[in-house]
Structures are given as structure tokens and as C-alpha cells.
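**Student:** Pasting my_file-v4.csv here (CSV, C-alpha atoms):
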```csv
chain,number,residue,atom,x,y,z
J,1,MET,CA,118.1,76.6,101.3
J,2,THR,CA,120.3,78.4,103.8
J,3,ALA,CA,119.5,78.0,107.4
J,4,ARG,CA,120.0,80.9,109.8
J,5,VAL,CA,121.1,80.4,113.4
J,6,SER,CA,118.1,80.8,115.7
J,7,GLN,CA,118.1,82.2,119.2
J,8,ALA,CA,118.2,78.7,120.6
J,9,ALA,CA,121.6,78.2,119.0
J,10,GLN,CA,123.2,81.1,120.9
J,11,PRO,CA,125.0,78.8,123.4
J,12,LEU,CA,127.0,77.4,120.5
J,13,LEU,CA,127.9,80.9,119.3
J,14,SER,CA,129.1,81.8,122.8
J,15,ILE,CA,131.6,78.9,122.7
J,16,LEU,CA,132.8,79.6,119.2
J,17,GLY,CA,133.1,83.4,119.5
J,18,PRO,CA,131.9,86.2,117.2
J,19,VAL,CA,131.3,84.1,114.0
J,20,GLU,CA,128.5,84.5,111.5
J,21,PRO,CA,127.7,80.9,110.3
J,22,ASN,CA,126.1,80.7,106.9
J,23,LEU,CA,125.5,77.0,106.6
J,24,SER,CA,123.3,75.3,104.0
J,25,THR,CA,120.7,72.7,105.0
J,26,LYS,CA,122.8,70.1,103.1
J,27,GLU,CA,125.8,70.8,105.3
J,28,LEU,CA,123.7,70.6,108.5
J,29,LYS,CA,122.2,67.3,107.4
J,30,ALA,CA,125.6,65.9,106.6
J,31,VAL,CA,126.8,66.7,110.1
J,32,LEU,CA,123.7,65.1,111.6
J,33,ALA,CA,124.0,62.0,109.4
J,34,LEU,CA,127.6,61.5,110.6
J,35,SER,CA,126.7,62.1,114.2
J,36,GLN,CA,124.0,59.4,114.0
J,37,THR,CA,125.9,56.7,112.0
J,38,ARG,CA,129.4,57.5,113.4
J,39,SER,CA,130.6,56.2,110.0
J,40,PHE,CA,131.7,58.2,107.0
J,41,GLY,CA,130.7,55.3,104.8
J,42,GLN,CA,127.1,55.0,106.0
J,43,ALA,CA,126.7,58.8,106.2
J,44,ALA,CA,128.0,59.2,102.7
J,45,LEU,CA,125.4,56.7,101.5
J,46,GLN,CA,122.6,58.6,103.2
J,47,MET,CA,123.8,61.9,101.7
J,48,HIS,CA,124.3,60.4,98.2
J,49,LEU,CA,128.0,61.5,98.3
J,50,SER,CA,131.3,59.8,98.0
J,51,GLN,CA,133.3,59.4,101.3
J,52,SER,CA,135.9,61.8,100.1
J,53,ALA,CA,133.2,64.4,99.3
J,54,LEU,CA,131.5,64.0,102.7
J,55,SER,CA,134.9,64.2,104.4
J,56,ALA,CA,135.6,67.5,102.6
J,57,LEU,CA,132.2,68.8,103.4
J,58,ILE,CA,132.6,68.1,107.1
J,59,ALA,CA,136.0,69.7,107.1
J,60,ARG,CA,134.6,72.8,105.4
J,61,VAL,CA,131.9,73.1,108.1
J,62,GLU,CA,134.5,72.8,110.9
J,63,THR,CA,136.7,75.4,109.3
J,64,HIS,CA,133.8,77.7,108.8
J,65,ILE,CA,132.7,77.6,112.4
J,66,GLY,CA,136.2,77.4,113.8
J,67,ALA,CA,135.9,74.2,115.9
J,68,ARG,CA,136.3,70.5,115.5
J,69,LEU,CA,133.0,68.6,115.6
J,70,PHE,CA,134.3,65.1,115.3
J,71,GLU,CA,137.3,63.1,116.6
J,72,ARG,CA,138.3,60.6,113.9
J,73,THR,CA,140.1,57.4,114.8
J,74,THR,CA,140.8,54.3,112.7
J,75,ARG,CA,137.9,52.5,114.4
J,76,ALA,CA,135.2,55.2,115.1
J,77,VAL,CA,134.0,58.7,114.7
J,78,GLU,CA,133.1,60.5,117.9
J,79,LEU,CA,131.5,63.9,118.6
J,80,THR,CA,133.5,66.5,120.4
J,81,ASP,CA,131.9,68.7,123.1
J,82,ALA,CA,131.5,71.4,120.5
J,83,GLY,CA,130.0,68.8,118.1
J,84,LYS,CA,127.4,67.7,120.7
J,85,ILE,CA,126.3,71.3,121.1
J,86,PHE,CA,126.3,71.9,117.4
J,87,VAL,CA,124.2,68.8,116.6
J,88,SER,CA,121.5,69.6,119.2
J,89,HIS,CA,120.9,73.0,117.5
J,90,ALA,CA,121.5,71.8,114.0
J,91,GLN,CA,118.5,69.4,114.5
J,92,GLU,CA,116.3,72.4,115.4
J,93,LEU,CA,117.5,74.3,112.3
J,94,VAL,CA,116.8,71.5,110.0
J,95,ARG,CA,113.3,71.0,111.5
J,96,ASP,CA,112.7,74.7,111.1
J,97,ALA,CA,113.7,74.6,107.4
J,98,GLN,CA,111.5,71.5,106.8
J,99,ARG,CA,108.6,73.3,108.5
J,100,ALA,CA,109.1,76.4,106.4
J,101,VAL,CA,109.2,74.4,103.1
J,102,GLN,CA,106.0,72.5,104.2
J,103,ALA,CA,104.2,75.7,105.1
J,104,VAL,CA,104.9,77.1,101.7
J,105,ALA,CA,103.8,73.9,100.0
J,106,ASP,CA,100.6,73.9,102.0
J,107,ALA,CA,99.9,77.5,101.0
J,108,VAL,CA,100.5,76.8,97.3
J,109,GLN,CA,98.3,73.7,97.5
J,110,LEU,CA,95.6,75.8,99.4
J,111,LYS,CA,95.7,73.4,102.4
J,112,THR,CA,96.0,76.4,104.7
J,113,GLY,CA,95.7,80.2,104.6
J,114,ALA,CA,93.2,82.9,105.1
J,115,VAL,CA,91.3,85.4,102.8
J,116,SER,CA,89.4,88.4,104.1
J,117,VAL,CA,86.8,90.1,101.8
J,118,ALA,CA,84.9,93.3,101.9
J,119,ALA,CA,81.8,93.4,99.7
J,120,LEU,CA,78.8,95.6,99.0
J,121,PRO,CA,75.8,94.5,101.0
J,122,SER,CA,74.0,93.4,97.8
J,123,LEU,CA,77.0,91.1,96.9
J,124,ALA,CA,77.6,90.1,100.5
J,125,ALA,CA,74.1,88.7,100.6
J,126,SER,CA,74.0,87.1,97.2
J,127,THR,CA,77.1,86.1,95.2
J,128,VAL,CA,79.6,85.9,98.1
J,129,PRO,CA,77.9,83.3,100.3
J,130,GLU,CA,77.5,81.0,97.3
J,131,VAL,CA,81.1,81.4,96.3
J,132,PHE,CA,82.3,81.0,99.9
J,133,ALA,CA,80.3,77.7,100.2
J,134,ILE,CA,81.9,76.3,97.0
J,135,PHE,CA,85.4,77.5,98.0
J,136,SER,CA,85.1,76.0,101.5
J,137,GLN,CA,84.2,72.6,100.0
J,138,ILE,CA,87.2,72.6,97.7
J,139,HIS,CA,89.7,74.2,100.2
J,140,PRO,CA,88.4,73.5,103.7
J,141,GLY,CA,91.7,74.4,105.3
J,142,VAL,CA,91.5,78.1,104.1
J,143,ARG,CA,89.8,80.5,106.5
J,144,LEU,CA,87.4,83.0,104.9
J,145,SER,CA,86.1,86.2,106.5
J,146,LEU,CA,83.6,88.7,105.1
J,147,LEU,CA,82.8,92.4,105.9
J,148,ASP,CA,79.7,93.8,104.3
J,149,THR,CA,80.2,97.5,103.8
J,150,LEU,CA,79.5,100.4,101.5
J,151,SER,CA,81.7,101.3,98.6
J,152,GLY,CA,83.8,104.0,100.3
J,153,PRO,CA,84.8,102.0,103.4
J,154,ALA,CA,85.5,99.0,101.2
J,155,PHE,CA,88.3,100.9,99.4
J,156,ASP,CA,89.7,102.0,102.8
J,157,LEU,CA,89.7,98.5,104.1
J,158,VAL,CA,91.8,97.3,101.1
J,159,ARG,CA,94.1,100.3,101.3
J,160,SER,CA,94.8,99.7,105.0
J,161,GLY,CA,95.4,96.0,104.5
J,162,LYS,CA,92.5,95.0,106.8
J,163,VAL,CA,91.1,92.9,103.9
J,164,ASP,CA,92.8,91.2,101.0
J,165,LEU,CA,90.2,92.3,98.4
J,166,ALA,CA,86.9,94.1,98.0
J,167,LEU,CA,84.0,93.6,95.7
J,168,THR,CA,82.5,97.0,95.0
J,169,ALA,CA,81.5,99.5,92.4
J,170,ALA,CA,84.1,101.4,90.4
J,171,ASP,CA,85.4,104.7,91.8
J,172,PRO,CA,87.8,106.8,89.6
J,173,LYS,CA,88.9,108.7,92.7
J,174,GLN,CA,90.6,105.6,94.1
J,175,GLU,CA,93.5,105.5,91.6
J,176,ASP,CA,96.0,104.2,94.1
J,177,LEU,CA,94.2,100.8,94.2
J,178,ALA,CA,94.0,98.2,91.5
J,179,TYR,CA,90.4,97.7,90.1
J,180,GLU,CA,89.3,95.0,87.7
J,181,GLN,CA,85.7,95.2,86.4
J,182,LEU,CA,83.9,91.8,86.6
J,183,THR,CA,80.4,92.6,85.7
J,184,THR,CA,77.8,95.3,85.2
J,185,ASP,CA,74.8,95.9,87.5
J,186,GLU,CA,71.7,97.3,85.7
J,187,PHE,CA,69.3,99.5,87.6
J,188,VAL,CA,65.6,98.8,87.7
J,189,LEU,CA,62.6,100.6,89.3
J,190,ILE,CA,60.5,99.0,92.0
J,191,CYS,CA,57.2,100.2,93.3
J,192,PRO,CA,54.4,98.7,95.4
J,193,ILE,CA,51.6,96.7,93.8
J,194,GLY,CA,48.7,99.1,93.0
J,195,HIS,CA,51.0,102.0,92.4
J,196,PRO,CA,50.2,104.1,89.3
J,197,LEU,CA,53.5,103.1,87.7
J,198,CYS,CA,52.4,99.5,87.7
J,199,ASP,CA,50.2,100.3,84.7
J,200,HIS,CA,53.2,101.7,82.7
J,201,GLN,CA,53.8,99.3,79.8
J,202,GLN,CA,57.1,100.7,78.6
J,203,PRO,CA,60.5,101.3,80.2
J,204,ILE,CA,60.4,104.7,82.0
J,205,ALA,CA,63.1,107.4,82.4
J,206,LEU,CA,64.1,107.9,86.0
J,207,HIS,CA,63.5,111.7,85.9
J,208,GLU,CA,59.9,111.1,84.9
J,209,THR,CA,59.3,109.3,88.3
J,210,LEU,CA,60.4,112.2,90.5
J,211,GLN,CA,56.8,113.3,91.1
J,212,TYR,CA,56.5,110.3,93.4
J,213,PRO,CA,58.3,109.8,96.8
J,214,HIS,CA,61.6,108.0,96.4
J,215,ILE,CA,63.4,105.7,98.8
J,216,SER,CA,67.1,105.5,98.4
J,217,MET,CA,70.3,104.8,100.2
J,218,SER,CA,72.5,107.4,101.9
J,219,ALA,CA,74.8,109.6,99.9
J,220,SER,CA,77.9,107.5,100.8
J,221,ALA,CA,76.5,104.5,99.0
J,222,SER,CA,77.5,103.8,95.4
J,223,VAL,CA,73.8,103.2,94.5
J,224,ARG,CA,73.0,106.7,95.6
J,225,GLN,CA,76.0,108.2,93.8
J,226,TYR,CA,75.0,106.7,90.5
J,227,LEU,CA,71.4,108.0,90.9
J,228,ASP,CA,72.6,111.4,91.8
J,229,ALA,CA,74.9,111.5,88.8
J,230,GLU,CA,72.2,110.3,86.4
J,231,LEU,CA,69.7,112.9,87.5
J,232,LEU,CA,72.2,115.7,87.6
J,233,GLN,CA,72.9,115.1,83.9
J,234,GLN,CA,69.2,115.6,83.3
J,235,GLY,CA,69.2,118.8,85.3
J,236,HIS,CA,67.5,117.4,88.4
J,237,THR,CA,68.5,117.2,92.0
J,238,PHE,CA,67.6,114.0,93.8
J,239,THR,CA,65.9,114.5,97.1
J,240,PRO,CA,64.5,111.1,98.3
J,241,ALA,CA,61.7,111.0,100.9
J,242,PHE,CA,63.6,108.4,102.8
J,243,GLU,CA,67.4,107.7,103.0
J,244,VAL,CA,68.4,104.4,104.6
J,245,ASP,CA,71.5,102.1,104.7
J,246,HIS,CA,70.0,98.7,104.1
J,247,ILE,CA,68.4,97.1,101.1
J,248,ALA,CA,65.9,95.2,103.3
J,249,THR,CA,64.7,98.4,104.7
J,250,ILE,CA,64.1,99.9,101.3
J,251,GLY,CA,62.1,96.8,100.3
J,252,ALA,CA,60.0,97.0,103.4
J,253,LEU,CA,59.2,100.7,102.9
J,254,VAL,CA,58.3,100.1,99.2
J,255,THR,CA,56.1,97.1,100.2
J,256,HIS,CA,54.2,99.3,102.6
J,257,GLY,CA,53.5,101.9,99.9
J,258,LEU,CA,55.8,104.6,101.3
J,259,GLY,CA,57.6,105.3,98.0
J,260,ILE,CA,59.4,103.8,95.0
J,261,SER,CA,63.0,103.0,94.5
J,262,ALA,CA,65.7,102.6,91.8
J,263,LEU,CA,68.1,99.8,92.7
J,264,PRO,CA,70.7,97.6,90.9
J,265,GLU,CA,69.5,94.1,90.0
J,266,THR,CA,71.9,92.5,92.5
J,267,ALA,CA,70.1,94.4,95.3
J,268,VAL,CA,66.6,93.8,93.9
J,269,SER,CA,67.3,90.1,93.7
J,270,LEU,CA,67.4,90.1,97.5
J,271,LEU,CA,63.8,91.4,97.8
J,272,LYS,CA,61.6,88.3,97.7
J,273,SER,CA,58.2,90.1,97.9
J,274,GLU,CA,55.1,89.5,95.9
J,275,ALA,CA,54.0,93.0,96.9
J,276,ILE,CA,56.6,94.7,94.7
J,277,HIS,CA,56.4,95.4,91.0
J,278,TYR,CA,59.5,95.7,88.8
J,279,LEU,CA,59.8,98.2,86.0
J,280,PRO,CA,62.8,98.6,83.6
J,281,LEU,CA,64.4,102.0,83.1
J,282,GLN,CA,64.4,103.6,79.7
J,283,ALA,CA,67.6,103.0,77.6
J,284,PRO,CA,70.4,103.6,78.0
J,285,GLY,CA,69.4,103.1,81.7
J,286,ILE,CA,71.9,103.2,84.5
J,287,GLN,CA,74.7,100.7,84.8
J,288,ARG,CA,76.9,100.2,87.8
J,289,PRO,CA,80.3,98.5,87.1
J,290,LEU,CA,81.2,96.0,89.7
J,291,GLY,CA,84.7,94.7,90.2
J,292,VAL,CA,87.4,93.5,92.5
J,293,VAL,CA,89.7,95.9,94.3
J,294,THR,CA,93.2,95.0,95.5
J,295,ARG,CA,96.3,96.8,96.6
J,296,ARG,CA,98.2,97.8,93.5
J,297,HIS,CA,101.7,96.7,94.5
J,298,ALA,CA,101.0,94.0,97.1
J,299,PRO,CA,101.0,90.4,95.8
J,300,LEU,CA,97.9,88.3,96.4
J,301,SER,CA,98.1,85.0,98.3
J,302,TYR,CA,97.4,81.8,96.3
J,303,ALA,CA,94.2,81.5,98.3
J,304,ALA,CA,93.0,85.0,97.4
J,305,GLN,CA,93.8,84.4,93.7
J,306,ALA,CA,91.8,81.2,93.7
J,307,LEU,CA,88.9,82.9,95.4
J,308,ILE,CA,88.9,85.7,92.8
J,309,LYS,CA,88.9,83.2,90.0
J,310,LEU,CA,85.8,81.5,91.6
J,311,ILE,CA,84.1,84.9,92.0
J,312,LYS,CA,84.6,85.7,88.3
J,313,GLN,CA,83.1,82.4,87.3
J,314,ALA,CA,80.0,83.0,89.6
J,315,LEU,CA,79.4,86.5,88.3
J,316,ALA,CA,79.8,85.4,84.7
J,317,HIS,CA,77.3,82.7,85.2
J,318,SER,CA,74.9,85.0,86.9
J,319,ALA,CA,75.2,87.6,84.1
J,320,THR,CA,74.5,84.9,81.5
J,321,ALA,CA,71.4,83.7,83.4
J,322,SER,CA,70.2,87.3,83.8
J,323,ASN,CA,70.5,88.1,80.1
J,324,ALA,CA,68.7,84.8,79.2
J,325,SER,CA,65.7,85.7,81.4
J,326,ARG,CA,65.1,89.1,79.8
```
Can you turn what I pasted into C-alpha cells?
**Tutor:**
Amino acid sequence: MTARVSQAAQPLLSILGPVEPNLSTKELKAVLALSQTRSFGQAALQMHLSQSALSALIARVETHIGARLFERTTRAVELTDAGKIFVSHAQELVRDAQRAVQAVADAVQLKTGAVSVAALPSLAASTVPEVFAIFSQIHPGVRLSLLDTLSGPAFDLVRSGKVDLALTAADPKQEDLAYEQLTTDEFVLICPIGHPLCDHQQPIALHETLQYPHISMSASASVRQYLDAELLQQGHTFTPAFEVDHIATIGALVTHGLGISALPETAVSLLKSEAIHYLPLQAPGIQRPLGVVTRRHAPLSYAAQALIKLIKQALAHSATASNASR
């Protein structure tokens, strides 16, 4: 590793003149070893070098910086004034190099670091907390942060670098970002207990339910965009009776008999109400791809890579459990 001269070493440069030292950590450590032992023999042992090799190394450093660092006599090795200045700053440079190496090692071993995530509200309230809890147990030194947001803002947060990654629905218009699909979210219909659709024994087509008031999310939400696209294919325009931004609000409105709603399973799983009836949609139904979004040409930190791996495992396990329960 090559150590650069810090601002603190400028007094040395003012003595030596306009030089541009490019000294290795090994060379700095050799000078320090000799300054501490005042013996070429002992310093050579510390550096695992022969005395002649150490002597040549010290001479090379002195030539490089243009000043003698040591006065050599038959009995002792003493630091010159320039040597004393050099040693004080060389110690700082070696410590900086050691701290840099340790910081990288800590990051690789996930002893430190930070990962920021943007996620759809349905994922932010279900999969993400579970994954965060497991990750924090394994890597307690890594700081995690979460922003629950709709699909459009999630892409913008990744693009601006405000988050490391986003968990959101696919969007072909965001081609400048990298997207990897992790799972598929199936839409289901929910209605209040006692609603006429509760007697429906078979899966139902979404367009056949438009005679009833619908409750849906706003047009900027991926949930709404998939519903709009599905109904447009059937020649229908979707005009919900209520448009809201939160899953819990949809659940409350449905529970109180104000309408029905088509939602992805990840969102429905958050509605723990015995006053809601669930009805599958007619095949092929509506599927919302969910995946991880990152910046295309920006390398992910080791911590972010480890978190994504854990998210993949959690979503795969959830998909397996969901298929088994059908």
C-alpha cells in the first residue's frame, strides 16, 4: 500500500522543498523501526530483512526525500532534525494506512456499514421488518434504514442515491435502473362479510365486479396502475368510489361496507379482519412482479449485497408457503 502525505505532514515538506514523496508503507515502517531500535541489526529483524537490504532501503528513502534522516556512527544510529520531523509524521501515515485497511476489513466482514431501503408499503409492513430483524441479529454493526413509499418515488430515491436499493413493482419506463424480479404478487378481491359477492363460489373476473363501488389506491400507486391496465384491456375505465394511499384505510373502508377492493396478496396479508371475505380472481388473474431496484453502474456495498440475499430467501420462502396454502 502506498501512503500519501497528509496535511499534518506539511511542515516536513516545507523543510525539504517542493518534493512529491511516494513512499510505501514498508519504507515508512522501516524508518520507524530504525528510529525506535537505533540499531540496523534489530530493525532488520523486525522488518524480516537483511542488514544490507535495510541499509539500502533507508538510503533510498533519504535519496527520495532529499535529506538525511539518520546519523550513523560505529556505536549508534541517531535521528537528524529532519529525521525527527519525518518520524513524527510517518507514524501518523502508518496509523492512517492501518485504519484504512481495518475499515475495509470491517466492511467486508459486515462489522460496520449502512444500508438504506425504499419499499412498497405492503412490503415495508410485512417482509422487510422480518428480514431486518434477522439481518440485525447476524450483523448488529450494520445500520439499516427504511422508507415506505409508492413505486414511482421508490425509483427516484434509488436514482438520486438517497437509498441503496428499492423493493417495488416492475416498471418498464425506468430503463436506466437495474431491476431483478424476485417474486410475483397475485391479486385477490376483498369484500365485507354479507356482501352479495360472498356467495360467489367460483373465481370472478374483475370487470364483472364493476357494478359495485370499488376502493383503490391513487393513480401513482403500482396497485392502481395494474388494475387500470387490466380493465383497459377489457374495454373498461376504472373509476373507484374511493381513492386512498394506505392499505389500512382500504381495509377499514371495506370492513365498514363502503365498497370492495382488488389488492395484491402482500397487501391483503396485512388486513387481519374477520369482517373481510377473500375471493380469487378468474384466471389468468392479475400478477404484479416484485423485485429489487438498484443503480445500474454503481457497485453495491457488501452489506447491501448480504441484505438482498436475505430478502430473496425470505420472499422465496413466503412464495412456497403461499402456494402450499392454496
**Student:** Just checking: using all atoms listed in the file, which residue out of J:Ser24, J:Phe187, J:Pro153, J:Ile204 ends up closest to J:Ala90?
**Tutor:**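 When distances to J:Ala90 are compared using all atoms listed in the file, the smallest one comes from J:Ser24.
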**Student:** For a cutoff of 12 Å around the file-coordinate point (58.7, 99.3, 85.1), which residues qualify once you count only C-alpha atoms? I'd like the result as a ChimeraX atom specification.
**Tutor:** /J:187-193,195-206,208-209,260-262,276-282,285
**Student:** For J:Ile311, list every protein, DNA or RNA residue within 8 Å, evaluated using all atoms listed in the file, and leave out those in the same chain fewer than 5 positions away; present the list as a ChimeraX atom specification.
**Tutor:** /J:127-128,131
**Student:** So, with all atoms listed in the file as the atoms that count, which of J:Ala241, J:Leu110, J:Val163, J:Ala44 lies closest to J:Gln211?
**Tutor:** J:Ala241
**Student:** Find the residue from J:Ala59, J:Ile286, J:Leu45, J:Ala316 that sits nearest to J:Tyr226; use all atoms listed in the file when measuring.
**Tutor:**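 Nearest to J:Tyr226: J:Ile286.
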**Student:** Neighbouring residues of stretch 112-122 of chain J were defined as those with any atom within 7 Å, considering all atoms listed in the file; residues of the same chain fewer than 3 positions away were excluded. Please report them as a PyMOL selection string.
**Tutor:** chain J and resi 106-107+125-126+141-151+154+163-168+266-267+303-304
**Student:** Given the choices J:Ala30, J:His207, J:Glu92, J:Leu290, which gets closest to J:Gly235 if the distance is worked out from all atoms listed in the file?
**Tutor:**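 Distance minimum relative to J:Gly235 lands on J:His207.
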**Student:** Could you tell me how far atom CA of J:Ala105 sits from atom CA of J:Glu27, in Å to one decimal place?
**Tutor:** 22.8 Å
